[in-house]
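What follows is a single structure, written as structure tokens, with notes after it.
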Amino acid sequence: MSKKIKKEVEPPPKDVFDPLIIESKKAATVVLMLHSPEEEILAKACEAIYKFALKGEENKTTLLELGAVEPLTKLLTHEDKIVRRNATMIFGILASNNDVKKLLRELDVMNSVIAQLAPEEEVVIHEFASLCLANMSAEYTSKVQIFEHGGLEPLIRLLSSPDPDVKKNSMECIYNLVQDFQCRTTLQELNAIPPILDLLKSEYPIIQLLALKTLGVITNDKESRAMLRDHQGLDHLIKILETKELNDLHIEALAVIANCLEDMDTIVQIQQTGGLKKLLSFAENSTIPDIQKNAAKAITKAAYDPENRKLFHEQEVEKCLVALLGSENDGTKIAASQAISAMCENSGSKNFFNNQGIPQLIQLLKSDNEEVREAAGLALANLTTCNPANAHAAAEADGIDPLINVLSSKRDGAIANAAMVLTNMAMQEPLRQNIQNHGIMHAIISPLHSANTVVQSKAALTVASTACDAEARSELRNSGGLEPLVELLRSKNDEVRKHASWAVMVCAGDELTANELCRLGALDVLEEVNLSGSRKNKFSEAAYNKLLNNNLSLKYSQTGYLSSSNIINDGFYDYGRINPGTKLLPLKELCLQEPSDLRAILLINSKSDVSPPSSMEDKSDAGYGRSISSSSSLRRSSKDKTKKSSYHFSAGFGSPTEDKSEPASGRNTVLSKSATKEKGGRKGRGKKEEEKVKEEEEVMAVPKFVGEESSDKEWCPPSDPDFSMYVYEVTKSILPITSIKEQIEVLAKYVAEKMGGKIPKEKLPDFSWELHISELKFQLKSNVIPIGHVKKGIFYHRALLFKALADRIGIGCSLVRGEYGRAWNEVKLLNESQKGVIGSLPPPELYVVDLMFHPGGLMKLRSREADLYRFL
């Protein structure tokens, strides 16, 4: 029997790798496997990395450090579906890490991720690809990349996916994308609103919430609101509000409705379907503060349209808003107050809040919350603007004290609103007096110092409306309110400058306040402002003129004109013409200057400075010390009857007010015993007349000039006994004349007589008045010459003397400066044929008084330039 031979086993081929099962416990090893060419290894490696990444943020950072992201991006386009799916799942998880997001942007993988949204891909790929995009879209740069690679269209398509996770991720990504205007426009073109509205019916609250949030953003655009309305989106929103179980969605639903209510068509539609009443009832009865707040905000946004306000008023939205004012939540109170502010544009609503609303708003001014006080103040400001009844209602509700207290608030808006309400209330005199009694002038000082231009503007306006009487202006002056007011005149803000000018104009109605404003530099600032074409305004010009009316010396020098209402008082001086921007020196400084070849400065001063004479015949030199005032009074114009007699001087020189009350006629004449020495004509007077004058004279105290520094001896302006005598004589002889025209004629002849008499035109060049003036300057050792010293005067000397004397006896005339030493007086007289006529009369005619060629003559002005050229 033969022996069996064992068959040998063939060895495996040399070029085949034997299968190897590896169990790795290191992430680094698995990351290395991502470079394998085998699909099975790649799929298992991706699966292991996905599980590792799910465990936490630290693991995501570890994978990034191990370099897993770059090889994974290549697997997004792998041919094997399982590998591609697993890689997509990894990126869905990893993309929540900020460092991974940054690297993905650098690697530009957005196109590969968006490709996974294709309809033929598995639902799980859709889920994680959309999750990756949702995480990436949280940053602006990624939004741009998603939009530019066409990611919006597939995301909208996935809103109809059967998988809720896909819907949620896609909706979240869309919500992030539509924050950008360009994406919202594209969304409208892609007709995205219908699928978004369908998501409101989802059984998953997170999907509904994201859909509402997205609608809240896109309905900021009018086109999207129209699309929502066309697809019955408002019905969906109202149903959500009516469903108590969906109360977690009510706030977002209200936000969408708020946007939609900006369109009139939407308001009409929601009103016709009864949705508007439901909305108001829902807001009023809700117990959730945020819902009430958002409802009020919705009304506010819609109420900016006039037609919307009208519809709201018809639906009695005011009742709802008043109810919301009583909420315990500050946010709701603020929103309701803002809604009332918006509704105030409707007159019917404004009247409704008269009895209901204003008292509640006044109470809110006492809140500890500054925002509440600001919102309530804004509502009250709008309610009281151009509505005296509401302003009165605010006062009746004891609103003055809370409003004044708000002026010390730390919130600029609250201060500005309170100031506006007080301004509106001050339009009524009884309320203004009440406001003044509550210390408004002291309380407004702090807002005037504010750095906020709105507060500055409103505070200045409050001053303009409340400083309407001497007592209020005195309080403002004593409280230091004029300094910040003058500073506001320098403001670069047009509104602040305008209102500050207005306030200065009002304050300048009081002489002491006007002088203080001038001392603080208001006149200089206003002059600078008015020289600027861009900065000046009507109020700055009016304020400047009002201050000038209290500084007639400067006014005449600058403007060359004094009206009949500009009464020349003691201390007035004619310096001559000065250019705008040139400072007029004070009288004291001018008096102390040495005589020069400059034009003589003419001074008006009827106050004498010597002791009363024992007899009118006594002769003594004029000195400094006391002044004598005749008890004879001159007739004052009706406009000036109530004012106290005062003396106006230039800036830097005082203008004391007489303490002694004036007689009813209004003007005092001033005499000097040295008049007998200076004027020889008085010697011919009868003794009886002189005794009568003596009885009328009385000693008055030396005036103190405000603004001068204390010294051993107070400086006084040079006395003018001759002018004092002129005043006495015209008062005695011309004042009793009943005819105004005759008074003017007699006064003109009197002035001409005192200034050298009648001068024929042909002899005017021979009238040596210049030599006479030079002699006076040499004798007085000063450029300042009291008007009574001038015995040879031409046009401007005579015109000034005529105006000064006419003012003392109540003859209304203006003083006008011309060229080449010319000046003249203009008076208004009724035509003889008009006298005695009953009923309306034509305006009086304008005449020029002749003081040179035919003293006492009057020439009617028809063509001003031609007539004056012929006359002068």
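Every chain in the structure tokens has a letter given in the order shown (A, B, ...), and although residue numbers restart at 1 in each chain, ligands are simply numbered from 1 in the order shown.
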
Where does segment 212-309 of chain A meet segment 180-190 of chain A within 8 Å, residue by residue, with the nearest atom pair and distance in Å to one decimal for each, counting only C-alpha atoms, listed by chain and rising number, as a Markdown table?
```
| residue | atom | partner | partner_atom | distance |
| --- | --- | --- | --- | --- |
| A:Ile218 | CA | A:Arg184 | CA | 6.1 |
| A:Glu223 | CA | A:Gln188 | CA | 7.6 |
| A:Ser224 | CA | A:Gln188 | CA | 6.5 |
```

Expected file contents, prior selection, N, CA and C atoms, as a compact mmCIF listing (two decimals), in the first residue's frame:
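Okay, part_17.txt is ready:
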```
# COMPACT_ATOMS: atom_id res chain seq x y z
N ILE A 218 -39.01 91.07 8.32
CA ILE A 218 -39.28 91.37 6.90
C ILE A 218 -40.45 92.32 6.72
N GLU A 223 -43.34 96.27 0.92
CA GLU A 223 -43.71 95.21 -0.03
C GLU A 223 -44.03 93.91 0.70
N SER A 224 -43.24 93.61 1.73
CA SER A 224 -43.50 92.38 2.49
C SER A 224 -44.81 92.46 3.26
```

Could you give me, as number ranges by chain, the residues within 9 Å of Leu72 of chain A, counting only C-alpha atoms and dropping anything in the same chain fewer than 2 positions from it?
A: 34, 46, 68-70, 74-76, 87-88, 90-91

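Residue nearest Ile785 of chain A, chosen from A:Thr287, A:Thr62, A:Asn405, A:Ser719 and counting only C-alpha atoms: A:Ser719.
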
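Our summary of the geometry notes that atom CA of Ala748 of chain A is positioned 6.8 Å from atom CA of Phe802 of chain A.
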
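With only C-alpha atoms as the atoms that count, the minimum distance from Ser347 of chain A to the choices A:Cys386, A:Ile257, A:Ala381, A:Leu547 is reached by A:Cys386.
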
Can you pull out the residues contacting segment 517-530 of chain A? Cut-off 6 Å, using only C-alpha atoms, and skip same-chain residues under 4 positions away; I want them as number ranges by chain.
A: 486, 535-536, 544

Which distance in Å separates atom CA of Gly480 of chain A and atom CA of Glu511 of chain A, to one decimal?
16.7 Å

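Atom to atom, atom CA of Thr453 of chain A and atom CA of Glu495 of chain A stand 8.3 Å apart.
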
Report as a ChimeraX atom specification all protein, DNA and RNA residues lying within 10 Å of segment 99-115 of chain A, evaluated on only C-alpha atoms, omitting residues in the same chain fewer than 6 positions from it.
/A:60-61,63-64,69-70,73-77,88,91-92,121,125-126,128-130,132-133,135-139,141-142,145-152,154-155

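Distances to Ile291 of chain A were evaluated for A:Ile440, A:Leu780, A:Leu324, A:Met171 using only C-alpha atoms, and the minimum falls at A:Leu324.
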
Of A:Pro388, A:Pro721, A:Gly757, A:Gly821, the one nearest to Ala600 of chain A when counting only C-alpha atoms is A:Gly821

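The shell of residues at most 6 Å from segment 843-857 of chain A, with only C-alpha atoms counted and near chain neighbours (fewer than 3 positions) removed, consists of A:Glu745, A:Ala748, A:Lys749, A:Ala752, A:Lys758, A:Ile759, A:Pro760, A:Asn825, A:Glu826, A:Val827, A:Lys828, A:Leu829, A:Leu830, A:Lys860, A:Leu861.
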
May I have the selected residues written with N, CA, C and O atoms, as an mmCIF file, in the first residue's frame?
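Written file, again_2.cif:
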```
data_model
loop_
_atom_site.group_PDB
_atom_site.id
_atom_site.type_symbol
_atom_site.label_atom_id
_atom_site.label_comp_id
_atom_site.auth_asym_id
_atom_site.auth_seq_id
_atom_site.Cartn_x
_atom_site.Cartn_y
_atom_site.Cartn_z
ATOM 1 N N GLU A 745 -43.950 174.263 15.796
ATOM 2 C CA GLU A 745 -43.447 175.480 15.172
ATOM 3 C C GLU A 745 -42.746 176.376 16.190
ATOM 4 O O GLU A 745 -41.653 176.897 15.944
ATOM 5 N N ALA A 748 -39.455 174.805 17.301
ATOM 6 C CA ALA A 748 -38.432 174.920 16.251
ATOM 7 C C ALA A 748 -37.809 176.303 16.251
ATOM 8 O O ALA A 748 -36.578 176.457 16.136
ATOM 9 N N LYS A 749 -38.639 177.347 16.370
ATOM 10 C CA LYS A 749 -38.109 178.708 16.417
ATOM 11 C C LYS A 749 -37.251 178.915 17.658
ATOM 12 O O LYS A 749 -36.210 179.587 17.616
ATOM 13 N N ALA A 752 -33.892 177.188 17.089
ATOM 14 C CA ALA A 752 -33.079 177.975 16.155
ATOM 15 C C ALA A 752 -32.494 179.203 16.831
ATOM 16 O O ALA A 752 -31.319 179.565 16.624
ATOM 17 N N LYS A 758 -31.854 182.098 12.496
ATOM 18 C CA LYS A 758 -32.129 181.726 11.114
ATOM 19 C C LYS A 758 -30.869 181.933 10.269
ATOM 20 O O LYS A 758 -30.231 182.984 10.325
ATOM 21 N N ILE A 759 -30.544 180.941 9.448
ATOM 22 C CA ILE A 759 -29.369 181.013 8.578
ATOM 23 C C ILE A 759 -29.826 180.830 7.134
ATOM 24 O O ILE A 759 -30.231 179.728 6.747
ATOM 25 N N PRO A 760 -29.803 181.853 6.302
ATOM 26 C CA PRO A 760 -30.149 181.687 4.885
ATOM 27 C C PRO A 760 -29.203 180.687 4.218
ATOM 28 O O PRO A 760 -28.034 180.567 4.606
ATOM 29 N N ASN A 825 -35.417 166.266 12.010
ATOM 30 C CA ASN A 825 -36.496 165.692 12.816
ATOM 31 C C ASN A 825 -37.720 165.485 11.948
ATOM 32 O O ASN A 825 -38.082 166.343 11.144
ATOM 33 N N GLU A 826 -38.342 164.324 12.132
ATOM 34 C CA GLU A 826 -39.576 164.013 11.409
ATOM 35 C C GLU A 826 -40.720 163.911 12.403
ATOM 36 O O GLU A 826 -40.572 163.297 13.473
ATOM 37 N N VAL A 827 -41.859 164.519 12.052
ATOM 38 C CA VAL A 827 -43.049 164.468 12.898
ATOM 39 C C VAL A 827 -44.229 164.009 12.056
ATOM 40 O O VAL A 827 -44.240 164.169 10.827
ATOM 41 N N LYS A 828 -45.225 163.441 12.714
ATOM 42 C CA LYS A 828 -46.440 163.001 12.027
ATOM 43 C C LYS A 828 -47.606 163.874 12.478
ATOM 44 O O LYS A 828 -47.838 164.044 13.673
ATOM 45 N N LEU A 829 -48.319 164.431 11.503
ATOM 46 C CA LEU A 829 -49.448 165.305 11.790
ATOM 47 C C LEU A 829 -50.635 164.926 10.929
ATOM 48 O O LEU A 829 -50.471 164.485 9.780
ATOM 49 N N LEU A 830 -51.821 165.100 11.498
ATOM 50 C CA LEU A 830 -53.038 164.910 10.714
ATOM 51 C C LEU A 830 -53.230 166.101 9.787
ATOM 52 O O LEU A 830 -52.929 167.243 10.136
ATOM 53 N N LYS A 860 -43.788 168.523 3.913
ATOM 54 C CA LYS A 860 -44.335 167.169 3.793
ATOM 55 C C LYS A 860 -43.385 166.305 2.966
ATOM 56 O O LYS A 860 -42.885 166.728 1.933
ATOM 57 N N LEU A 861 -43.153 165.100 3.459
ATOM 58 C CA LEU A 861 -42.267 164.169 2.753
ATOM 59 C C LEU A 861 -43.083 163.287 1.822
ATOM 60 O O LEU A 861 -43.950 162.520 2.267
#
```

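Distances to Lys168 of chain A were evaluated for A:Ala134, A:Leu805, A:Ile737, A:Leu431 using only C-alpha atoms, and the minimum falls at A:Ala134.
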